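Structure file structure36.cif; described as mmCIF, C-alpha atoms.
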```cif
data_model
#
loop_
_atom_site.group_PDB
_atom_site.id
_atom_site.type_symbol
_atom_site.label_atom_id
_atom_site.label_comp_id
_atom_site.auth_asym_id
_atom_site.auth_seq_id
_atom_site.Cartn_x
_atom_site.Cartn_y
_atom_site.Cartn_z
ATOM 1 C CA MET C 1 -2.862 11.508 -31.397
ATOM 2 C CA GLY C 2 -6.059 11.269 -33.457
ATOM 3 C CA LEU C 3 -8.250 14.291 -34.083
ATOM 4 C CA ARG C 4 -11.010 12.959 -31.894
ATOM 5 C CA SER C 5 -8.780 12.436 -28.865
ATOM 6 C CA PHE C 6 -7.195 15.849 -29.459
ATOM 7 C CA ILE C 7 -10.617 17.513 -29.293
ATOM 8 C CA HIS C 8 -11.505 15.411 -26.273
ATOM 9 C CA ARG C 9 -8.387 16.590 -24.498
ATOM 10 C CA LEU C 10 -9.346 20.227 -25.100
ATOM 11 C CA THR C 11 -12.926 19.870 -23.950
ATOM 12 C CA ALA C 12 -12.760 17.251 -21.205
ATOM 13 C CA PRO C 13 -12.699 18.441 -17.580
ATOM 14 C CA LYS C 14 -9.165 18.711 -16.215
ATOM 15 C CA MET C 15 -7.950 15.897 -14.014
ATOM 16 C CA TYR C 16 -7.203 18.219 -11.098
ATOM 17 C CA ASP C 17 -10.801 19.469 -11.114
ATOM 18 C CA ILE C 18 -11.947 15.942 -10.539
ATOM 19 C CA ILE C 19 -9.402 15.454 -7.771
ATOM 20 C CA ASP C 20 -10.351 18.702 -6.024
ATOM 21 C CA LYS C 21 -14.047 18.025 -6.115
ATOM 22 C CA HIS C 22 -13.887 14.354 -5.193
ATOM 23 C CA PRO C 23 -10.881 13.609 -3.015
ATOM 24 C CA LEU C 24 -10.287 9.870 -2.889
ATOM 25 C CA LYS C 25 -8.711 7.697 -0.252
ATOM 26 C CA LEU C 26 -8.038 4.097 0.589
ATOM 27 C CA VAL C 27 -9.024 2.998 4.089
ATOM 28 C CA LEU C 28 -7.300 -0.034 5.589
ATOM 29 C CA VAL C 29 -8.896 -1.532 8.681
ATOM 30 C CA ILE C 30 -6.942 -4.138 10.610
ATOM 31 C CA ASN C 31 -8.396 -6.904 12.751
ATOM 32 C CA ASN C 32 -7.287 -5.873 16.216
ATOM 33 C CA ASP C 33 -8.492 -9.154 17.782
ATOM 34 C CA LEU C 34 -5.282 -10.693 16.474
ATOM 35 C CA LYS C 35 -2.124 -9.644 18.231
ATOM 36 C CA MET C 36 0.099 -9.002 15.248
ATOM 37 C CA GLY C 37 3.504 -7.337 15.413
ATOM 38 C CA LYS C 38 4.034 -3.943 13.756
ATOM 39 C CA GLY C 39 5.997 -5.402 10.859
ATOM 40 C CA LYS C 40 3.381 -8.078 10.286
ATOM 41 C CA ILE C 41 0.672 -5.410 10.151
ATOM 42 C CA ALA C 42 2.741 -3.402 7.670
ATOM 43 C CA ALA C 43 3.103 -6.389 5.336
ATOM 44 C CA GLN C 44 -0.593 -7.324 5.592
ATOM 45 C CA VAL C 45 -1.670 -3.764 4.877
ATOM 46 C CA GLY C 46 0.758 -3.829 1.928
ATOM 47 C CA HIS C 47 -1.006 -6.945 0.564
ATOM 48 C CA ALA C 48 -4.377 -5.221 0.886
ATOM 49 C CA SER C 49 -3.182 -2.024 -0.816
ATOM 50 C CA VAL C 50 -1.595 -3.762 -3.770
ATOM 51 C CA THR C 51 -4.631 -5.999 -4.288
ATOM 52 C CA ALA C 52 -7.046 -3.059 -3.984
ATOM 53 C CA THR C 53 -4.976 -1.044 -6.469
ATOM 54 C CA LEU C 54 -4.893 -3.802 -9.062
ATOM 55 C CA LYS C 55 -8.592 -4.566 -8.608
ATOM 56 C CA ALA C 56 -9.503 -0.889 -9.001
ATOM 57 C CA GLY C 57 -7.333 -0.787 -12.130
ATOM 58 C CA GLU C 58 -9.615 -3.420 -13.672
ATOM 59 C CA ASN C 59 -12.957 -2.117 -12.434
ATOM 60 C CA ASN C 60 -12.553 1.629 -12.222
ATOM 61 C CA PRO C 61 -9.355 2.857 -13.926
ATOM 62 C CA SER C 62 -10.262 6.563 -13.930
ATOM 63 C CA SER C 63 -10.782 6.789 -10.182
ATOM 64 C CA LEU C 64 -7.624 4.734 -9.611
ATOM 65 C CA ASP C 65 -5.747 7.214 -11.758
ATOM 66 C CA SER C 66 -6.917 10.262 -9.846
ATOM 67 C CA TRP C 67 -6.175 8.512 -6.540
ATOM 68 C CA LEU C 68 -2.616 7.715 -7.665
ATOM 69 C CA LYS C 69 -2.108 11.262 -8.973
ATOM 70 C CA SER C 70 -3.331 12.855 -5.764
ATOM 71 C CA GLY C 71 -0.659 11.032 -3.750
ATOM 72 C CA GLN C 72 -2.372 7.677 -3.078
ATOM 73 C CA LYS C 73 -3.838 8.790 0.238
ATOM 74 C CA LYS C 74 -4.199 5.952 2.741
ATOM 75 C CA VAL C 75 -5.454 5.714 6.301
ATOM 76 C CA CYS C 76 -4.938 2.805 8.657
ATOM 77 C CA LEU C 77 -7.602 2.090 11.313
ATOM 78 C CA LYS C 78 -8.316 -0.714 13.760
ATOM 79 C CA SER C 79 -11.421 -2.693 14.586
ATOM 80 C CA SER C 80 -12.668 -6.079 15.792
ATOM 81 C CA TYR C 81 -13.446 -9.116 13.638
ATOM 82 C CA ASP C 82 -17.223 -8.849 14.131
ATOM 83 C CA GLU C 83 -17.274 -5.168 13.265
ATOM 84 C CA LEU C 84 -15.103 -5.786 10.194
ATOM 85 C CA MET C 85 -17.604 -8.288 8.829
ATOM 86 C CA GLN C 86 -20.394 -5.786 9.402
ATOM 87 C CA LEU C 87 -18.438 -2.984 7.718
ATOM 88 C CA GLU C 88 -17.752 -5.228 4.754
ATOM 89 C CA SER C 89 -21.442 -5.909 4.145
ATOM 90 C CA GLU C 90 -22.305 -2.205 4.552
ATOM 91 C CA ALA C 91 -19.573 -1.310 2.058
ATOM 92 C CA LYS C 92 -20.956 -3.812 -0.442
ATOM 93 C CA ILE C 93 -24.425 -2.249 -0.145
ATOM 94 C CA ASN C 94 -22.920 1.192 -0.808
ATOM 95 C CA GLY C 95 -20.927 -0.048 -3.784
ATOM 96 C CA ILE C 96 -17.531 0.508 -2.160
ATOM 97 C CA GLN C 97 -14.813 -1.872 -3.342
ATOM 98 C CA THR C 98 -13.534 -4.164 -0.601
ATOM 99 C CA VAL C 99 -10.514 -6.444 -0.441
ATOM 100 C CA LYS C 100 -10.217 -9.045 2.315
ATOM 101 C CA ILE C 101 -6.805 -10.367 3.252
ATOM 102 C CA THR C 102 -6.449 -13.681 5.030
ATOM 103 C CA ASP C 103 -3.053 -14.805 6.206
ATOM 104 C CA ALA C 104 -1.265 -17.935 5.070
ATOM 105 C CA GLY C 105 -0.327 -18.400 8.727
ATOM 106 C CA LYS C 106 3.350 -19.044 8.263
ATOM 107 C CA THR C 107 4.531 -16.769 11.060
ATOM 108 C CA GLN C 108 2.567 -15.200 13.913
ATOM 109 C CA ILE C 109 -1.084 -16.280 13.633
ATOM 110 C CA PRO C 110 -3.227 -19.297 12.650
ATOM 111 C CA SER C 111 -3.698 -19.966 8.931
ATOM 112 C CA GLY C 112 -6.786 -18.399 7.367
ATOM 113 C CA SER C 113 -7.226 -15.578 9.896
ATOM 114 C CA LEU C 114 -8.690 -12.362 8.544
ATOM 115 C CA THR C 115 -6.007 -9.717 9.048
ATOM 116 C CA VAL C 116 -7.139 -6.616 7.147
ATOM 117 C CA ILE C 117 -9.880 -5.295 4.870
ATOM 118 C CA ALA C 118 -9.240 -2.484 2.377
ATOM 119 C CA PHE C 119 -12.111 -0.137 1.524
ATOM 120 C CA GLY C 120 -11.759 1.923 -1.659
ATOM 121 C CA PRO C 121 -10.068 3.838 -3.205
ATOM 122 C CA ASP C 122 -13.296 5.813 -3.038
ATOM 123 C CA ASN C 123 -14.771 9.179 -2.187
ATOM 124 C CA GLU C 124 -13.530 10.447 1.189
ATOM 125 C CA ASP C 125 -16.953 11.477 2.484
ATOM 126 C CA LYS C 126 -18.478 8.138 1.569
ATOM 127 C CA LEU C 127 -15.689 6.318 3.403
ATOM 128 C CA HIS C 128 -15.936 8.674 6.351
ATOM 129 C CA ASP C 129 -19.598 7.734 6.812
ATOM 130 C CA LEU C 130 -18.589 4.084 6.891
ATOM 131 C CA THR C 131 -15.409 4.145 8.977
ATOM 132 C CA GLY C 132 -15.325 7.593 10.611
ATOM 133 C CA HIS C 133 -15.971 6.190 14.089
ATOM 134 C CA LEU C 134 -12.971 3.850 14.079
ATOM 135 C CA LYS C 135 -9.711 4.662 15.843
ATOM 136 C CA LEU C 136 -6.386 5.287 14.145
ATOM 137 C CA LEU C 137 -3.822 2.548 14.487
ATOM 138 C CA MET I 1 9.245 -7.782 -2.090
ATOM 139 C CA ALA I 2 11.124 -6.196 0.791
ATOM 140 C CA LEU I 3 9.862 -3.080 2.562
ATOM 141 C CA ILE I 4 12.631 -1.462 4.560
ATOM 142 C CA VAL I 5 11.447 0.893 7.296
ATOM 143 C CA ARG I 6 13.538 3.567 9.022
ATOM 144 C CA LYS I 7 13.211 2.752 12.690
ATOM 145 C CA ASP I 8 15.115 5.880 13.774
ATOM 146 C CA LEU I 9 12.006 7.936 12.938
ATOM 147 C CA ARG I 10 9.957 6.100 15.575
ATOM 148 C CA LEU I 11 6.770 6.154 13.546
ATOM 149 C CA SER I 12 3.485 4.786 14.914
ATOM 150 C CA ALA I 13 2.368 1.336 13.778
ATOM 151 C CA GLY I 14 -0.378 2.774 11.597
ATOM 152 C CA LYS I 15 1.968 5.235 9.936
ATOM 153 C CA VAL I 16 4.485 2.480 9.199
ATOM 154 C CA ALA I 17 1.722 0.332 7.713
ATOM 155 C CA VAL I 18 0.579 3.138 5.434
ATOM 156 C CA GLN I 19 4.114 4.059 4.334
ATOM 157 C CA CYS I 20 4.865 0.415 3.533
ATOM 158 C CA SER I 21 1.674 0.294 1.491
ATOM 159 C CA HIS I 22 2.779 3.302 -0.526
ATOM 160 C CA ALA I 23 6.039 1.515 -1.307
ATOM 161 C CA ALA I 24 4.291 -1.751 -2.119
ATOM 162 C CA VAL I 25 1.739 -0.168 -4.450
ATOM 163 C CA SER I 26 4.356 1.903 -6.263
ATOM 164 C CA CYS I 27 6.742 -1.032 -6.715
ATOM 165 C CA ALA I 28 3.887 -3.214 -7.955
ATOM 166 C CA LEU I 29 2.828 -0.610 -10.506
ATOM 167 C CA ILE I 30 6.404 -0.185 -11.754
ATOM 168 C CA ALA I 31 6.777 -3.967 -12.002
ATOM 169 C CA ARG I 32 3.518 -4.354 -13.885
ATOM 170 C CA LYS I 33 4.838 -2.038 -16.564
ATOM 171 C CA SER I 34 8.497 -2.987 -16.745
ATOM 172 C CA GLU I 35 8.498 -6.667 -15.796
ATOM 173 C CA PRO I 36 4.999 -8.095 -16.259
ATOM 174 C CA ARG I 37 6.135 -11.737 -16.150
ATOM 175 C CA LEU I 38 7.982 -11.331 -12.894
ATOM 176 C CA MET I 39 4.993 -9.458 -11.471
ATOM 177 C CA GLU I 40 2.673 -12.308 -12.432
ATOM 178 C CA ARG I 41 4.934 -14.904 -10.844
ATOM 179 C CA TRP I 42 5.132 -12.866 -7.655
ATOM 180 C CA GLN I 43 1.370 -12.374 -7.478
ATOM 181 C CA SER I 44 0.483 -15.974 -8.162
ATOM 182 C CA SER I 45 2.823 -17.087 -5.392
ATOM 183 C CA GLY I 46 0.923 -14.930 -2.909
ATOM 184 C CA GLY I 47 2.590 -11.543 -3.359
ATOM 185 C CA ARG I 48 5.070 -12.264 -0.606
ATOM 186 C CA LYS I 49 6.230 -9.233 1.385
ATOM 187 C CA ILE I 50 8.497 -8.725 4.332
ATOM 188 C CA SER I 51 9.033 -5.587 6.384
ATOM 189 C CA LEU I 52 12.553 -5.013 7.676
ATOM 190 C CA ALA I 53 14.042 -2.403 9.979
ATOM 191 C CA ILE I 54 17.013 -0.159 9.272
ATOM 192 C CA ASP I 55 18.576 2.328 11.673
ATOM 193 C CA SER I 56 19.605 5.249 9.463
ATOM 194 C CA LEU I 57 18.954 7.076 6.227
ATOM 195 C CA GLU I 58 22.573 6.501 5.126
ATOM 196 C CA SER I 59 22.274 2.712 5.353
ATOM 197 C CA LEU I 60 18.947 2.899 3.525
ATOM 198 C CA LYS I 61 20.503 4.846 0.668
ATOM 199 C CA GLU I 62 23.433 2.459 0.544
ATOM 200 C CA ILE I 63 21.056 -0.494 0.109
ATOM 201 C CA MET I 64 19.115 1.408 -2.511
ATOM 202 C CA GLY I 65 22.302 2.025 -4.475
ATOM 203 C CA LYS I 66 23.181 -1.665 -4.349
ATOM 204 C CA ALA I 67 19.670 -2.686 -5.365
ATOM 205 C CA LYS I 68 19.706 -0.281 -8.300
ATOM 206 C CA SER I 69 23.051 -1.482 -9.544
ATOM 207 C CA ALA I 70 21.776 -5.057 -9.285
ATOM 208 C CA GLY I 71 18.961 -3.964 -11.618
ATOM 209 C CA LEU I 72 16.151 -4.463 -9.105
ATOM 210 C CA ILE I 73 12.980 -2.391 -8.922
ATOM 211 C CA THR I 74 13.167 0.148 -6.094
ATOM 212 C CA HIS I 75 10.875 2.855 -4.799
ATOM 213 C CA LEU I 76 11.674 5.384 -2.120
ATOM 214 C CA VAL I 77 8.724 6.763 -0.158
ATOM 215 C CA LYS I 78 8.876 10.427 0.781
ATOM 216 C CA ASP I 79 6.202 11.520 3.210
ATOM 217 C CA ALA I 80 4.125 14.609 2.492
ATOM 218 C CA GLY I 81 4.592 15.492 6.150
ATOM 219 C CA HIS I 82 1.002 16.204 7.112
ATOM 220 C CA THR I 83 1.172 14.206 10.328
ATOM 221 C CA GLU I 84 4.133 12.761 12.196
ATOM 222 C CA VAL I 85 7.281 13.842 10.317
ATOM 223 C CA PRO I 86 8.530 16.959 8.473
ATOM 224 C CA PRO I 87 7.675 17.190 4.739
ATOM 225 C CA SER I 88 9.786 15.083 2.334
ATOM 226 C CA THR I 89 11.142 12.797 5.039
ATOM 227 C CA ILE I 90 12.226 9.487 3.540
ATOM 228 C CA THR I 91 10.399 6.770 5.430
ATOM 229 C CA VAL I 92 10.442 3.460 3.542
ATOM 230 C CA LEU I 93 12.354 1.809 0.695
ATOM 231 C CA GLY I 94 10.558 -0.848 -1.337
ATOM 232 C CA ILE I 95 12.647 -3.395 -3.271
ATOM 233 C CA GLY I 96 11.192 -5.876 -5.726
ATOM 234 C CA PRO I 97 9.295 -7.929 -6.589
ATOM 235 C CA ALA I 98 12.523 -9.816 -7.264
ATOM 236 C CA PRO I 99 13.860 -13.358 -6.782
ATOM 237 C CA LYS I 100 14.233 -14.227 -3.112
ATOM 238 C CA SER I 101 17.963 -14.821 -3.483
ATOM 239 C CA SER I 102 18.693 -11.364 -4.889
ATOM 240 C CA ILE I 103 16.694 -9.694 -2.112
ATOM 241 C CA ASN I 104 18.335 -11.828 0.569
ATOM 242 C CA ALA I 105 21.775 -10.917 -0.750
ATOM 243 C CA LEU I 106 21.018 -7.243 -0.100
ATOM 244 C CA THR I 107 18.940 -7.406 3.050
ATOM 245 C CA GLY I 108 20.144 -10.584 4.726
ATOM 246 C CA GLU I 109 21.603 -8.697 7.658
ATOM 247 C CA LEU I 110 18.511 -6.649 8.448
ATOM 248 C CA LYS I 111 16.087 -7.652 11.193
ATOM 249 C CA PRO I 112 12.317 -7.997 10.709
ATOM 250 C CA TYR I 113 10.507 -4.830 11.750
#
```
Before we go any further, please render this structure as structure tokens.
Amino acid sequence: MGLRSFIHRLTAPKMYDIIDKHPLKLVLVINNDLKMGKGKIAAQVGHASVTATLKAGENNPSSLDSWLKSGQKKVCLKSSYDELMQLESEAKINGIQTVKITDAGKTQIPSGSLTVIAFGPDNEDKLHDLTGHLKLL
Amino acid sequence: MALIVRKDLRLSAGKVAVQCSHAAVSCALIARKSEPRLMERWQSSGGRKISLAIDSLESLKEIMGKAKSAGLITHLVKDAGHTEVPPSTITVLGIGPAPKSSINALTGELKPY
């Protein structure tokens, strides 16, 4: 460790302070217009989470790190296609990272259907303002 | 990547989805570090995932043991227990990313969730 990074480590705010003050979560909203099976939903939400994680790793590594360290909190909600599109544009205005998953259509639904959108990982309050009205899956 | 869900816990659909995501993210992060080439191949072929059902913790652990001895990436998800199950309940096992044949050899008998 170099001297500079040693001093930085002593003076920088502790990671848990950041976590306590700004709890982060990842919100996954599924398209409830499609009638997907439970297992299908699980896999689609998995796609969205992995993609969101890797994207956040490129764009915002420090917030990804505190999200991972605080137990990678995730919430799964449901909505309609029209509302999802609206939420996506609102999220973009507010600078929240979004990941859209469309299905290859090999199993239950037509190819190219929007199955889930991931919002975040981002500040809980910010995400609550956006998706607080949606129902749990 | 296979995500094996304990169906004996009777979790809600949303809970299962979230637990599977935990497994998927953790496996992907392990793979990115330990086997970057495999990870890249998996991602560029669409990051294929399948969720399977298993009926007990014992069978889940047995599969995990086999997967580990075959040298595959595994991650066991333990729930913090804030909602539907007691703390530290094992909910999902993630295996892979790994070649389809090695995953099929382990999980071929399991049904889709």
Please evaluate the PyMOL selection byres ((chain I) within 9 of (chain C)) against the structure above and give the resulting residues as a tab-separated table (two decimals) with C-alpha atoms, in the coordinates of the input.
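Result file is result.tsv:
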```tsv
chain	number	residue	atom	x	y	z
I	3	LEU	CA	9.86	-3.08	2.56
I	12	SER	CA	3.48	4.79	14.91
I	13	ALA	CA	2.37	1.34	13.78
I	14	GLY	CA	-0.38	2.77	11.60
I	15	LYS	CA	1.97	5.24	9.94
I	16	VAL	CA	4.49	2.48	9.20
I	17	ALA	CA	1.72	0.33	7.71
I	18	VAL	CA	0.58	3.14	5.43
I	19	GLN	CA	4.11	4.06	4.33
I	20	CYS	CA	4.86	0.42	3.53
I	21	SER	CA	1.67	0.29	1.49
I	22	HIS	CA	2.78	3.30	-0.53
I	23	ALA	CA	6.04	1.52	-1.31
I	24	ALA	CA	4.29	-1.75	-2.12
I	25	VAL	CA	1.74	-0.17	-4.45
I	26	SER	CA	4.36	1.90	-6.26
I	28	ALA	CA	3.89	-3.21	-7.96
I	29	LEU	CA	2.83	-0.61	-10.51
I	46	GLY	CA	0.92	-14.93	-2.91
I	47	GLY	CA	2.59	-11.54	-3.36
I	48	ARG	CA	5.07	-12.26	-0.61
I	49	LYS	CA	6.23	-9.23	1.38
I	50	ILE	CA	8.50	-8.72	4.33
I	51	SER	CA	9.03	-5.59	6.38
I	52	LEU	CA	12.55	-5.01	7.68
I	53	ALA	CA	14.04	-2.40	9.98
I	80	ALA	CA	4.12	14.61	2.49
I	112	PRO	CA	12.32	-8.00	10.71
I	113	TYR	CA	10.51	-4.83	11.75
```
Which residues, named as in the file, does the PyMOL selection byres ((chain I and resi 109) around 12) pick out? Answer as a PDB file with C-alpha atoms, keeping the file's coordinate frame.
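New file part08.pdb:
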```pdb
ATOM      1  CA  ILE I   4      12.631  -1.462   4.560  1.00  0.00           C
ATOM      2  CA  LEU I  52      12.553  -5.013   7.676  1.00  0.00           C
ATOM      3  CA  ALA I  53      14.042  -2.403   9.979  1.00  0.00           C
ATOM      4  CA  ILE I  54      17.013  -0.159   9.272  1.00  0.00           C
ATOM      5  CA  SER I  59      22.274   2.712   5.353  1.00  0.00           C
ATOM      6  CA  ILE I  63      21.056  -0.494   0.109  1.00  0.00           C
ATOM      7  CA  ILE I 103      16.694  -9.694  -2.112  1.00  0.00           C
ATOM      8  CA  ASN I 104      18.335 -11.828   0.569  1.00  0.00           C
ATOM      9  CA  ALA I 105      21.775 -10.917  -0.750  1.00  0.00           C
ATOM     10  CA  LEU I 106      21.018  -7.243  -0.100  1.00  0.00           C
ATOM     11  CA  THR I 107      18.940  -7.406   3.050  1.00  0.00           C
ATOM     12  CA  GLY I 108      20.144 -10.584   4.726  1.00  0.00           C
ATOM     13  CA  LEU I 110      18.511  -6.649   8.448  1.00  0.00           C
ATOM     14  CA  LYS I 111      16.087  -7.652  11.193  1.00  0.00           C
ATOM     15  CA  PRO I 112      12.317  -7.997  10.709  1.00  0.00           C
TER      16      PRO I 112
END
```
> Using only C-alpha atoms, what residues lie at most 12 Å away from (4.4, 12.8, 8.4) (file coordinates), given as a list in words?
Replying inline: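 Within 12 Å of (4.4, 12.8, 8.4), the protein and nucleic acid residues are Leu9, Arg10, Leu11, Ser12, Gly14, Lys15, Val16, Val18, Gln19, Val77, Lys78, Asp79, Ala80, Gly81, His82, Thr83, Glu84, Val85, Pro86, Pro87, Ser88, Thr89, Ile90 and Thr91 of chain I.
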>> Assuming the chain letters and numbering stay as they are in my file, what does the PyMOL selection byres ((chain C and resi 129-132) around 9) actually select? List them as a list in words.
In response: Val27, Val29, Leu77, Leu87, Glu90, Ala91, Glu124, Asp125, Lys126, Leu127, His128, His133, Leu134 and Lys135 of chain C
>> From the options I:Asp55, I:Glu62, I:Glu35, I:Asp8, which residue's atoms come nearest to Gly96 in chain I, counting all atoms listed in the file?
In response: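 Distance minimum relative to Gly96 in chain I lands on I:Glu35.
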> Taking all atoms listed in the file into account, which of C:Ile93, C:Ala12, C:Ile7, C:Val116 comes nearest Asp33 in chain C?
Replying inline: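 Among the listed residues, the smallest separation from Asp33 in chain C belongs to C:Val116.
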> Contacts of Ile95 in chain I at 7 Å or less, counting all atoms listed in the file, minus same-chain residues fewer than 6 places along, as a PyMOL selection string?
Replying inline: chain I and resi 1-3+72-75
Take the residues from that selection and write them out as a short mmCIF file (atom, residue, chain, number, x, y, z; two decimals), in the coordinates of the input, keeping C-alpha atoms.
```cif
data_model
loop_
_atom_site.label_atom_id
_atom_site.label_comp_id
_atom_site.auth_asym_id
_atom_site.auth_seq_id
_atom_site.Cartn_x
_atom_site.Cartn_y
_atom_site.Cartn_z
CA MET I 1 9.24 -7.78 -2.09
CA ALA I 2 11.12 -6.20 0.79
CA LEU I 3 9.86 -3.08 2.56
CA LEU I 72 16.15 -4.46 -9.10
CA ILE I 73 12.98 -2.39 -8.92
CA THR I 74 13.17 0.15 -6.09
CA HIS I 75 10.88 2.86 -4.80
#
```
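Shortest atom-to-atom contact with Met39 in chain I among I:Ala70, I:Pro97, I:Ser102, I:Val92: I:Pro97, counting all atoms listed in the file.
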>> Please compute the CA of Gly120 in chain C-CA of Gln97 in chain C distance, one decimal, in Å.
In response: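 Those two atoms sit 5.2 Å apart.
The interatomic distance for the pair CA of Leu57 in chain I and CA of Gly71 in chain I works out to 21.0 Å.
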